[in-house]
Structures are given as C-alpha cells and as structure tokens.
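Undergrad: This is structure_28.cif, which holds mmCIF, C-alpha atoms:
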```
data_target
loop_
_atom_site.label_atom_id
_atom_site.label_comp_id
_atom_site.auth_asym_id
_atom_site.auth_seq_id
_atom_site.Cartn_x
_atom_site.Cartn_y
_atom_site.Cartn_z
CA ASN S 183 7.25 8.46 1.03
CA ALA S 184 10.97 8.54 0.65
CA GLY S 185 11.47 9.76 -2.92
CA VAL S 186 8.82 7.93 -4.98
CA MET S 187 7.32 10.49 -7.31
CA GLN S 188 3.90 10.33 -8.87
CA ASN S 189 2.25 12.74 -11.23
CA PRO S 190 -0.15 14.19 -11.64
CA ARG S 191 -1.43 14.32 -8.05
CA HIS S 192 -4.96 14.96 -9.27
CA LEU S 193 -6.42 14.05 -12.63
CA VAL S 194 -9.92 14.74 -13.93
CA ARG S 195 -11.15 12.93 -17.02
CA ARG S 196 -14.49 12.72 -18.76
CA ARG S 197 -15.96 9.31 -19.46
CA GLY S 198 -14.35 7.78 -22.52
CA GLN S 199 -11.05 9.67 -22.25
CA GLU S 200 -7.67 8.16 -21.47
CA ALA S 201 -5.81 8.55 -18.20
CA ARG S 202 -2.03 8.25 -17.91
CA LEU S 203 -0.49 8.01 -14.46
CA ARG S 204 3.26 8.25 -13.99
CA CYS S 205 5.53 6.87 -11.31
CA SER S 206 9.25 7.43 -10.83
CA PRO S 207 10.67 4.94 -8.30
CA MET S 208 13.25 5.70 -5.69
CA LYS S 209 16.83 5.80 -6.91
CA GLY S 210 18.25 2.29 -7.03
CA HIS S 211 14.84 0.61 -7.00
CA SER S 212 14.07 -1.57 -9.97
CA HIS S 213 10.71 -2.97 -8.84
CA VAL S 214 7.44 -1.06 -9.16
CA TYR S 215 3.98 -1.95 -7.86
CA TRP S 216 0.69 -0.25 -8.65
CA TYR S 217 -2.27 -0.29 -6.25
CA ARG S 218 -5.79 1.10 -6.34
CA GLN S 219 -7.59 2.45 -3.29
CA LEU S 220 -11.26 3.27 -3.20
CA PRO S 221 -12.55 5.72 -0.54
CA GLU S 222 -12.68 4.14 2.91
CA GLU S 223 -11.17 0.90 1.59
CA GLY S 224 -7.80 -0.81 1.67
CA LEU S 225 -5.19 -1.09 -1.04
CA LYS S 226 -5.77 -3.52 -3.89
CA PHE S 227 -2.78 -4.86 -5.81
CA MET S 228 -2.91 -4.28 -9.55
CA VAL S 229 0.45 -5.05 -11.14
CA TYR S 230 4.13 -5.65 -10.40
CA LEU S 231 6.81 -4.66 -12.90
CA GLN S 232 10.53 -4.73 -13.25
CA LYS S 233 12.37 -2.75 -15.89
CA GLU S 234 10.90 -3.69 -19.28
CA ASN S 235 8.99 -6.65 -17.80
CA ILE S 236 5.53 -7.23 -16.37
CA ILE S 237 6.01 -9.83 -13.66
CA ASP S 238 2.51 -10.15 -12.19
CA GLU S 239 -0.58 -8.42 -13.51
CA SER S 240 -3.12 -10.67 -11.83
CA GLY S 241 -4.80 -7.73 -10.09
CA MET S 242 -5.27 -5.67 -13.22
CA PRO S 243 -8.62 -5.60 -15.04
CA LYS S 244 -8.31 -7.42 -18.36
CA GLU S 245 -9.88 -4.62 -20.37
CA ARG S 246 -8.76 -0.98 -20.72
CA PHE S 247 -5.88 -1.12 -18.22
CA SER S 248 -2.21 -1.49 -19.09
CA ALA S 249 1.11 -0.80 -17.41
CA GLU S 250 4.70 -0.44 -18.51
CA PHE S 251 8.07 0.26 -17.01
CA PRO S 252 10.47 1.12 -19.83
CA LYS S 253 14.24 0.94 -19.67
CA GLU S 254 14.33 4.72 -19.45
CA GLY S 255 11.72 6.90 -17.84
CA PRO S 256 8.89 6.41 -15.38
CA SER S 257 6.44 3.58 -15.04
CA ILE S 258 3.10 4.37 -16.67
CA LEU S 259 -0.35 3.10 -15.72
CA ARG S 260 -2.72 3.69 -18.61
CA ILE S 261 -6.49 3.53 -18.42
CA GLN S 262 -8.33 3.76 -21.70
CA GLN S 263 -11.96 4.83 -22.10
CA VAL S 264 -12.34 5.65 -18.43
CA VAL S 265 -15.63 5.04 -16.65
CA ARG S 266 -16.96 6.47 -13.40
CA GLY S 267 -15.99 3.29 -11.56
CA ASP S 268 -12.33 4.02 -12.30
CA SER S 269 -12.44 7.00 -9.93
CA ALA S 270 -10.01 6.14 -7.14
CA ALA S 271 -6.59 6.88 -5.72
CA TYR S 272 -3.82 5.05 -7.54
CA PHE S 273 -0.60 4.47 -5.66
CA CYS S 274 2.76 3.39 -6.92
CA ALA S 275 5.33 1.72 -4.69
CA SER S 276 8.92 0.80 -5.38
CA SER S 277 11.24 -1.64 -3.72
CA PRO S 278 14.91 -2.55 -3.99
CA PRO S 279 15.90 -5.75 -5.78
CA ARG S 280 15.51 -7.85 -2.61
CA LEU S 281 12.17 -9.48 -3.12
CA GLY S 282 10.19 -11.09 -0.36
CA TYR S 283 11.37 -8.84 2.41
CA GLY S 284 8.61 -6.36 1.77
CA GLU S 285 10.15 -2.94 1.99
CA GLN S 286 7.87 -1.07 -0.35
CA TYR S 287 7.99 2.70 -0.43
CA PHE S 288 4.90 4.50 -1.65
CA GLY S 289 4.40 7.64 -3.63
CA PRO S 290 1.79 10.26 -2.72
CA GLY S 291 -0.73 8.85 -5.18
CA THR S 292 -2.76 10.13 -8.10
CA ARG S 293 -6.40 10.85 -7.44
CA LEU S 294 -8.40 10.15 -10.56
CA THR S 295 -11.87 11.59 -10.88
CA VAL S 296 -14.03 10.57 -13.83
CA THR S 297 -16.90 12.91 -14.58
CA THR M 113 -6.56 -17.32 -0.86
CA GLN M 114 -4.44 -15.49 1.65
CA LEU M 115 -6.24 -12.79 3.60
CA LEU M 116 -5.21 -10.33 6.27
CA GLU M 117 -7.92 -9.21 8.66
CA GLN M 118 -7.39 -6.28 10.96
CA SER M 119 -9.23 -5.40 14.13
CA PRO M 120 -10.65 -3.19 15.29
CA GLN M 121 -11.80 -1.48 12.13
CA PHE M 122 -12.24 1.87 13.89
CA LEU M 123 -10.77 3.17 17.11
CA SER M 124 -11.29 6.53 18.77
CA ILE M 125 -9.39 7.17 21.99
CA GLN M 126 -8.23 10.01 24.20
CA GLU M 127 -4.68 11.29 24.17
CA GLY M 128 -2.52 9.35 26.61
CA GLU M 129 -4.38 6.05 26.33
CA ASN M 130 -2.81 2.81 25.16
CA LEU M 131 -4.14 0.71 22.30
CA THR M 132 -3.46 -2.48 20.37
CA VAL M 133 -4.29 -3.21 16.75
CA TYR M 134 -4.35 -6.76 15.43
CA CYS M 135 -3.58 -8.29 12.05
CA ASN M 136 -4.62 -11.93 11.60
CA SER M 137 -4.46 -14.57 8.92
CA SER M 138 -4.96 -18.30 8.60
CA SER M 139 -1.89 -18.40 6.34
CA VAL M 140 1.80 -18.21 7.12
CA PHE M 141 3.66 -15.13 5.90
CA SER M 142 7.41 -14.88 5.34
CA SER M 143 7.23 -11.29 6.58
CA LEU M 144 4.67 -8.69 7.54
CA GLN M 145 4.84 -4.95 7.19
CA TRP M 146 2.99 -2.19 9.01
CA TYR M 147 2.17 1.11 7.34
CA ARG M 148 0.48 4.32 8.43
CA GLN M 149 -1.49 6.34 5.93
CA GLU M 150 -2.69 9.88 6.48
CA PRO M 151 -5.54 11.42 4.45
CA GLY M 152 -4.46 12.41 0.98
CA GLU M 153 -1.08 10.71 1.25
CA GLY M 154 0.50 7.37 0.44
CA PRO M 155 1.20 4.72 3.09
CA VAL M 156 4.44 5.15 5.02
CA LEU M 157 6.35 2.04 6.02
CA LEU M 158 6.72 1.74 9.80
CA VAL M 159 8.34 -1.65 10.25
CA THR M 160 8.96 -5.08 8.76
CA VAL M 161 8.87 -8.19 10.94
CA VAL M 162 10.40 -11.39 9.67
CA THR M 163 11.07 -13.86 12.46
CA GLY M 164 8.31 -15.66 14.39
CA GLY M 165 8.04 -14.16 17.88
CA GLU M 166 9.97 -11.07 16.87
CA VAL M 167 9.31 -7.84 18.75
CA LYS M 168 10.36 -4.47 17.34
CA LYS M 169 10.03 -1.10 19.00
CA LEU M 170 9.78 2.26 17.30
CA LYS M 171 9.55 4.93 20.02
CA ARG M 172 6.05 4.45 21.51
CA LEU M 173 5.08 1.77 18.97
CA THR M 174 5.71 -1.92 19.64
CA PHE M 175 5.27 -4.48 16.87
CA GLN M 176 5.07 -8.21 17.41
CA PHE M 177 5.06 -11.08 14.92
CA GLY M 178 3.30 -14.22 16.08
CA ASP M 179 5.31 -17.35 16.72
CA ALA M 180 3.61 -19.13 13.82
CA ARG M 181 3.99 -16.07 11.56
CA LYS M 182 0.25 -15.90 10.97
CA ASP M 183 -0.51 -12.78 12.97
CA SER M 184 0.94 -9.53 14.16
CA SER M 185 0.05 -6.77 16.56
CA LEU M 186 0.83 -3.09 16.93
CA HIS M 187 0.72 -1.58 20.39
CA ILE M 188 0.84 2.19 20.91
CA THR M 189 1.69 3.54 24.33
CA ALA M 190 0.42 6.96 25.43
CA ALA M 191 -1.22 7.77 22.10
CA GLN M 192 -0.89 11.28 20.72
CA PRO M 193 -3.03 13.15 18.16
CA GLY M 194 -0.16 12.77 15.71
CA ASP M 195 -0.76 9.00 15.75
CA THR M 196 -4.10 9.53 14.02
CA GLY M 197 -4.31 7.72 10.69
CA LEU M 198 -5.07 4.49 8.89
CA TYR M 199 -2.87 1.60 9.99
CA LEU M 200 -2.35 -1.15 7.44
CA CYS M 201 -0.61 -4.47 7.70
CA ALA M 202 0.65 -6.15 4.54
CA GLY M 203 2.51 -9.24 3.47
CA PRO M 204 3.83 -11.03 0.40
CA THR M 205 1.66 -13.87 -0.89
CA SER M 206 3.36 -17.20 -1.20
CA GLY M 207 4.51 -18.16 -4.65
CA THR M 208 3.84 -14.78 -6.24
CA TYR M 209 5.23 -11.27 -6.21
CA LYS M 210 1.91 -9.89 -5.07
CA TYR M 211 1.46 -8.22 -1.72
CA ILE M 212 -1.86 -8.17 0.06
CA PHE M 213 -2.99 -5.50 2.45
CA GLY M 214 -5.16 -5.83 5.50
CA THR M 215 -8.53 -4.17 5.79
CA GLY M 216 -7.04 -1.38 7.88
CA THR M 217 -7.65 0.19 11.29
CA ARG M 218 -8.69 3.83 11.39
CA LEU M 219 -7.31 5.40 14.54
CA LYS M 220 -8.36 8.78 15.85
CA VAL M 221 -6.64 10.20 18.91
CA LEU M 222 -8.49 13.06 20.53
CA ALA M 223 -6.59 15.84 22.29
#
```
Would you kindly transcribe this structure into structure tokens?
TA:
Amino acid sequence: NAGVMQNPRHLVRRRGQEARLRCSPMKGHSHVYWYRQLPEEGLKFMVYLQKENIIDESGMPKERFSAEFPKEGPSILRIQQVVRGDSAAYFCASSPPRLGYGEQYFGPGTRLTVT
Amino acid sequence: TQLLEQSPQFLSIQEGENLTVYCNSSSVFSSLQWYRQEPGEGPVLLVTVVTGGEVKKLKRLTFQFGDARKDSSLHITAAQPGDTGLYLCAGPTSGTYKYIFGTGTRLKVLA
C-alpha cells in the first residue's frame, strides 16, 4: 500500500445521510481508481479519474454516487442519501501515467457502515 | 464481457506444502497482475506479467502468464502462515481504462 492514503478508515452513516470518502494518490501518480468490495466478494470497478477529468465511470451507479479529482487536493467519492446496501469497503488505487501496464497501488480502504 | 475466473475458491493447507492458484479467461489480456489482500487492508501488488509464456519469481512465489495471454498461475513453494490471505488476479479490459478483478482465492496456511 505504498503511500496511497484514504480517510476516514471507518465511516458510519445513518440512512439518508451523505458519505464523503477521500483518497490521496501516491506522489507522482495522476490516475485514480475507485473500487467497491462487499464482504467475501471481489473488487468491483466503479470509476477511473485523471486530474479534473472523469475518464470511465461505467461501474458507478447512476443515482446518488459521484466522484471528482480536482486539480488540487484528494479525490472524493461522494454517496448521497446512503442506503443499507451501500455498506461496503471502498478502495482507492492510483497508478503512474503509464496506462495499460497495470501497476495499481491500493490504499487501506474506507469501511462504510450504514445503519 | 471479459471475465477472470480463479480456482480454487478456497484452499486450506499445512505449512510446508506447495500449492497452485489459477486465473483463467476466454479473453486475451495485455497484462495480468496478482495481488494479495489481508483482512482489513487493501490489495498489495505482487507482480505484473506482460509477455505470453513469461515466468516471474518472487522468493517462494512463481507466476506464469499463459502463452496465449488468457490465463495465469501462481505457485507457492513451502507455504508459510504468512502467505495466508486473499489472492486476486486482475487485468485491464480491452478498449477501456477499466480493470477487472478475478473472483479471488482465499488461502489459509496452518502452522
């Protein structure tokens, strides 16, 4: 997990609240990926971003979910009006600007619990 | 749709035994990655294989990429309890920036 930072590590929200998950990529990495992992399941791609651009959001639910990666600051995954089904571990990965080779480095994840 | 299937899904072995984990697809991948994930943590990149037929070694771990670049295997020699974890293969999908992950193999090595 060489240097990708995610916060918070644990987040509890009541149904209907908003959740904001932050990811700071490794130094020198300009590509960020977000994944969701349900208990005992694999990783599901959500969105791929470069600075100030969403490149591929085909894995992101159309409603309530959004992501950004501003010129300055961390990437943010935002979930509005959370529901119990949003409870999962959300991982961010970053990679250097050398696409296709696959060297993604993951953060420790944010575990979201919706009560 | 490109898929990566891993087998076995679960594996429990004694310390010192050897094992092989498989990652298979009907599609060609430009590269495949192997990760290990421990409970409560993010996946850690172990290796990337790029060339068909490529073999890479990382201490007691040997990774192989199939000649047709549709499959890969991970062989662990003399497994240790520290090898316990979820092993995931992953690869970039053709024509997109999306990566897909395999279903995972949960390995438990008993002391």
Undergrad: At a cut-off of 10 Å, can you tabulate as CSV every residue of chain S near chain M together with its closest atom pair and the distance in Å to one decimal, using all atoms listed in the file and ordering rows by chain then number?
TA:
```
residue,atom,partner,partner_atom,distance
S:Asn183,CA,M:Val156,CA,5.9
S:Ala184,CA,M:Val156,CA,8.6
S:Val186,CA,M:Gly154,CA,9.9
S:Arg191,CA,M:Gly152,CA,9.7
S:Tyr215,CA,M:Lys210,CA,8.7
S:Tyr217,CA,M:Tyr211,CA,9.9
S:Glu222,CA,M:Gly216,CA,9.3
S:Glu223,CA,M:Thr215,CA,7.1
S:Gly224,CA,M:Thr215,CA,5.4
S:Leu225,CA,M:Phe213,CA,6.0
S:Lys226,CA,M:Phe213,CA,7.2
S:Phe227,CA,M:Tyr211,CA,6.8
S:Met228,CA,M:Lys210,CA,8.6
S:Val229,CA,M:Lys210,CA,7.9
S:Tyr230,CA,M:Tyr209,CA,7.1
S:Leu231,CA,M:Tyr209,CA,9.5
S:Ile237,CA,M:Tyr209,CA,7.6
S:Asp238,CA,M:Tyr209,CA,6.7
S:Glu239,CA,M:Lys210,CA,8.9
S:Ser240,CA,M:Lys210,CA,8.5
S:Gly241,CA,M:Lys210,CA,8.7
S:Ala271,CA,M:Gly152,CA,8.9
S:Tyr272,CA,M:Gly154,CA,9.4
S:Phe273,CA,M:Gly154,CA,6.8
S:Cys274,CA,M:Gly154,CA,8.7
S:Ala275,CA,M:Gly154,CA,9.0
S:Leu281,CA,M:Tyr209,CA,7.8
S:Gly282,CA,M:Pro204,CA,6.4
S:Tyr283,CA,M:Ser143,CA,6.4
S:Gly284,CA,M:Gln145,CA,6.8
S:Glu285,CA,M:Thr160,CA,7.2
S:Gln286,CA,M:Leu157,CA,7.2
S:Tyr287,CA,M:Leu157,CA,6.7
S:Phe288,CA,M:Gly154,CA,5.7
S:Gly289,CA,M:Gly154,CA,5.6
S:Pro290,CA,M:Gly154,CA,4.5
S:Gly291,CA,M:Gly154,CA,5.9
S:Thr292,CA,M:Gly152,CA,9.5
S:Arg293,CA,M:Gly152,CA,8.8
```
Undergrad: Generate the output file for the selected residues, C-alpha atoms, as a JSON list (two decimals), keeping the file's coordinate frame.
TA:
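Once everything was written out, this is selection-v8.json:
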```json
[["chain", "number", "residue", "atom", "x", "y", "z"],
["S", 183, "ASN", "CA", 7.25, 8.46, 1.03],
["S", 184, "ALA", "CA", 10.97, 8.54, 0.65],
["S", 186, "VAL", "CA", 8.82, 7.93, -4.98],
["S", 191, "ARG", "CA", -1.43, 14.32, -8.05],
["S", 215, "TYR", "CA", 3.98, -1.95, -7.86],
["S", 217, "TYR", "CA", -2.27, -0.29, -6.25],
["S", 222, "GLU", "CA", -12.68, 4.14, 2.91],
["S", 223, "GLU", "CA", -11.17, 0.90, 1.59],
["S", 224, "GLY", "CA", -7.80, -0.81, 1.67],
["S", 225, "LEU", "CA", -5.19, -1.09, -1.04],
["S", 226, "LYS", "CA", -5.77, -3.52, -3.89],
["S", 227, "PHE", "CA", -2.78, -4.86, -5.81],
["S", 228, "MET", "CA", -2.91, -4.28, -9.55],
["S", 229, "VAL", "CA", 0.45, -5.05, -11.14],
["S", 230, "TYR", "CA", 4.13, -5.65, -10.40],
["S", 231, "LEU", "CA", 6.81, -4.66, -12.90],
["S", 237, "ILE", "CA", 6.01, -9.83, -13.66],
["S", 238, "ASP", "CA", 2.51, -10.15, -12.19],
["S", 239, "GLU", "CA", -0.58, -8.42, -13.51],
["S", 240, "SER", "CA", -3.12, -10.67, -11.83],
["S", 241, "GLY", "CA", -4.80, -7.73, -10.09],
["S", 271, "ALA", "CA", -6.59, 6.88, -5.72],
["S", 272, "TYR", "CA", -3.82, 5.05, -7.54],
["S", 273, "PHE", "CA", -0.60, 4.47, -5.66],
["S", 274, "CYS", "CA", 2.76, 3.39, -6.92],
["S", 275, "ALA", "CA", 5.33, 1.72, -4.69],
["S", 281, "LEU", "CA", 12.17, -9.48, -3.12],
["S", 282, "GLY", "CA", 10.19, -11.09, -0.36],
["S", 283, "TYR", "CA", 11.37, -8.84, 2.41],
["S", 284, "GLY", "CA", 8.61, -6.36, 1.77],
["S", 285, "GLU", "CA", 10.15, -2.94, 1.99],
["S", 286, "GLN", "CA", 7.87, -1.07, -0.35],
["S", 287, "TYR", "CA", 7.99, 2.70, -0.43],
["S", 288, "PHE", "CA", 4.90, 4.50, -1.65],
["S", 289, "GLY", "CA", 4.40, 7.64, -3.63],
["S", 290, "PRO", "CA", 1.79, 10.26, -2.72],
["S", 291, "GLY", "CA", -0.73, 8.85, -5.18],
["S", 292, "THR", "CA", -2.76, 10.13, -8.10],
["S", 293, "ARG", "CA", -6.40, 10.85, -7.44]]
```
Undergrad: Residues at most 7 Å from Ala270 (chain S), counting all atoms listed in the file, excluding those fewer than 3 positions away in the same chain, as a ChimeraX atom specification?
TA: /S:218-220,293-295
Undergrad: Here's the selection I'm unsure about, the PyMOL selection byres ((chain S and resi 199) around 7); applied to the file above, which residues does it give, as a VMD selection string?
TA: chain S and resid 195 to 198 200 to 201 262 to 264
Undergrad: Which one is closest to Gly194 (chain M): M:Thr174, M:Glu166, M:Tyr134, M:Gly128? Count all atoms listed in the file.
TA: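 Looking only at the distances to Gly194 (chain M), the closest residue turns out to be M:Gly128.
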Undergrad: Any idea what the distance is between CA of Cys135 (chain M) and CA of Lys182 (chain M)?
TA: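 Separating CA of Cys135 (chain M) from CA of Lys182 (chain M) is a distance of 8.6 Å.
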Undergrad: Measure the distance from CA of Phe177 (chain M) to CA of Lys220 (chain M) in Å and round it to one decimal.
TA: 24.0 Å
Undergrad: Provide the CA of Arg246 (chain S) to CA of Cys205 (chain S) distance in Å, to one decimal place.
TA: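 Straight-line distance from CA of Arg246 (chain S) to CA of Cys205 (chain S) works out to 18.8 Å.
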Undergrad: Report as a PyMOL selection string all protein, DNA and RNA residues lying within 9 Å of Phe175 (chain M), evaluated on all atoms listed in the file, omitting residues in the same chain fewer than 5 positions from it.
TA: chain M and resi 146+159-161+166-170+184-188
Undergrad: Carefully work through the PyMOL selection byres ((chain S and resi 207) around 7) for this structure and note down the residues it includes, as an NGL selection string.
TA: :S and (186-187 or 205-206 or 208-209 or 211 or 214 or 276)
Undergrad: Please expand the PyMOL selection byres ((chain S and resi 248-256) around 6) into the concrete residues it hits in this file, giving the result as a count of residues only.
TA: 9
Undergrad: Return the single residue from M:Ser137, M:Phe122, M:Leu173, M:Thr132 that is closest to Gly197 (chain M), with distances computed using only C-alpha atoms.
TA: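 Closest candidate: M:Phe122.
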Undergrad: Using all atoms listed in the file, which residue out of S:Pro190, S:Gly267, S:Gly185, S:Pro221 lies closest to Val296 (chain S)?
TA: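 For Val296 (chain S), the nearest of the given residues is S:Gly267.
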Undergrad: With distances taken over all atoms listed in the file, which residue among S:Leu193, S:His213, S:Gln188, S:Asn235 lies nearest Asp268 (chain S)?
TA: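 Smallest separation from Asp268 (chain S) among the options: S:Leu193.
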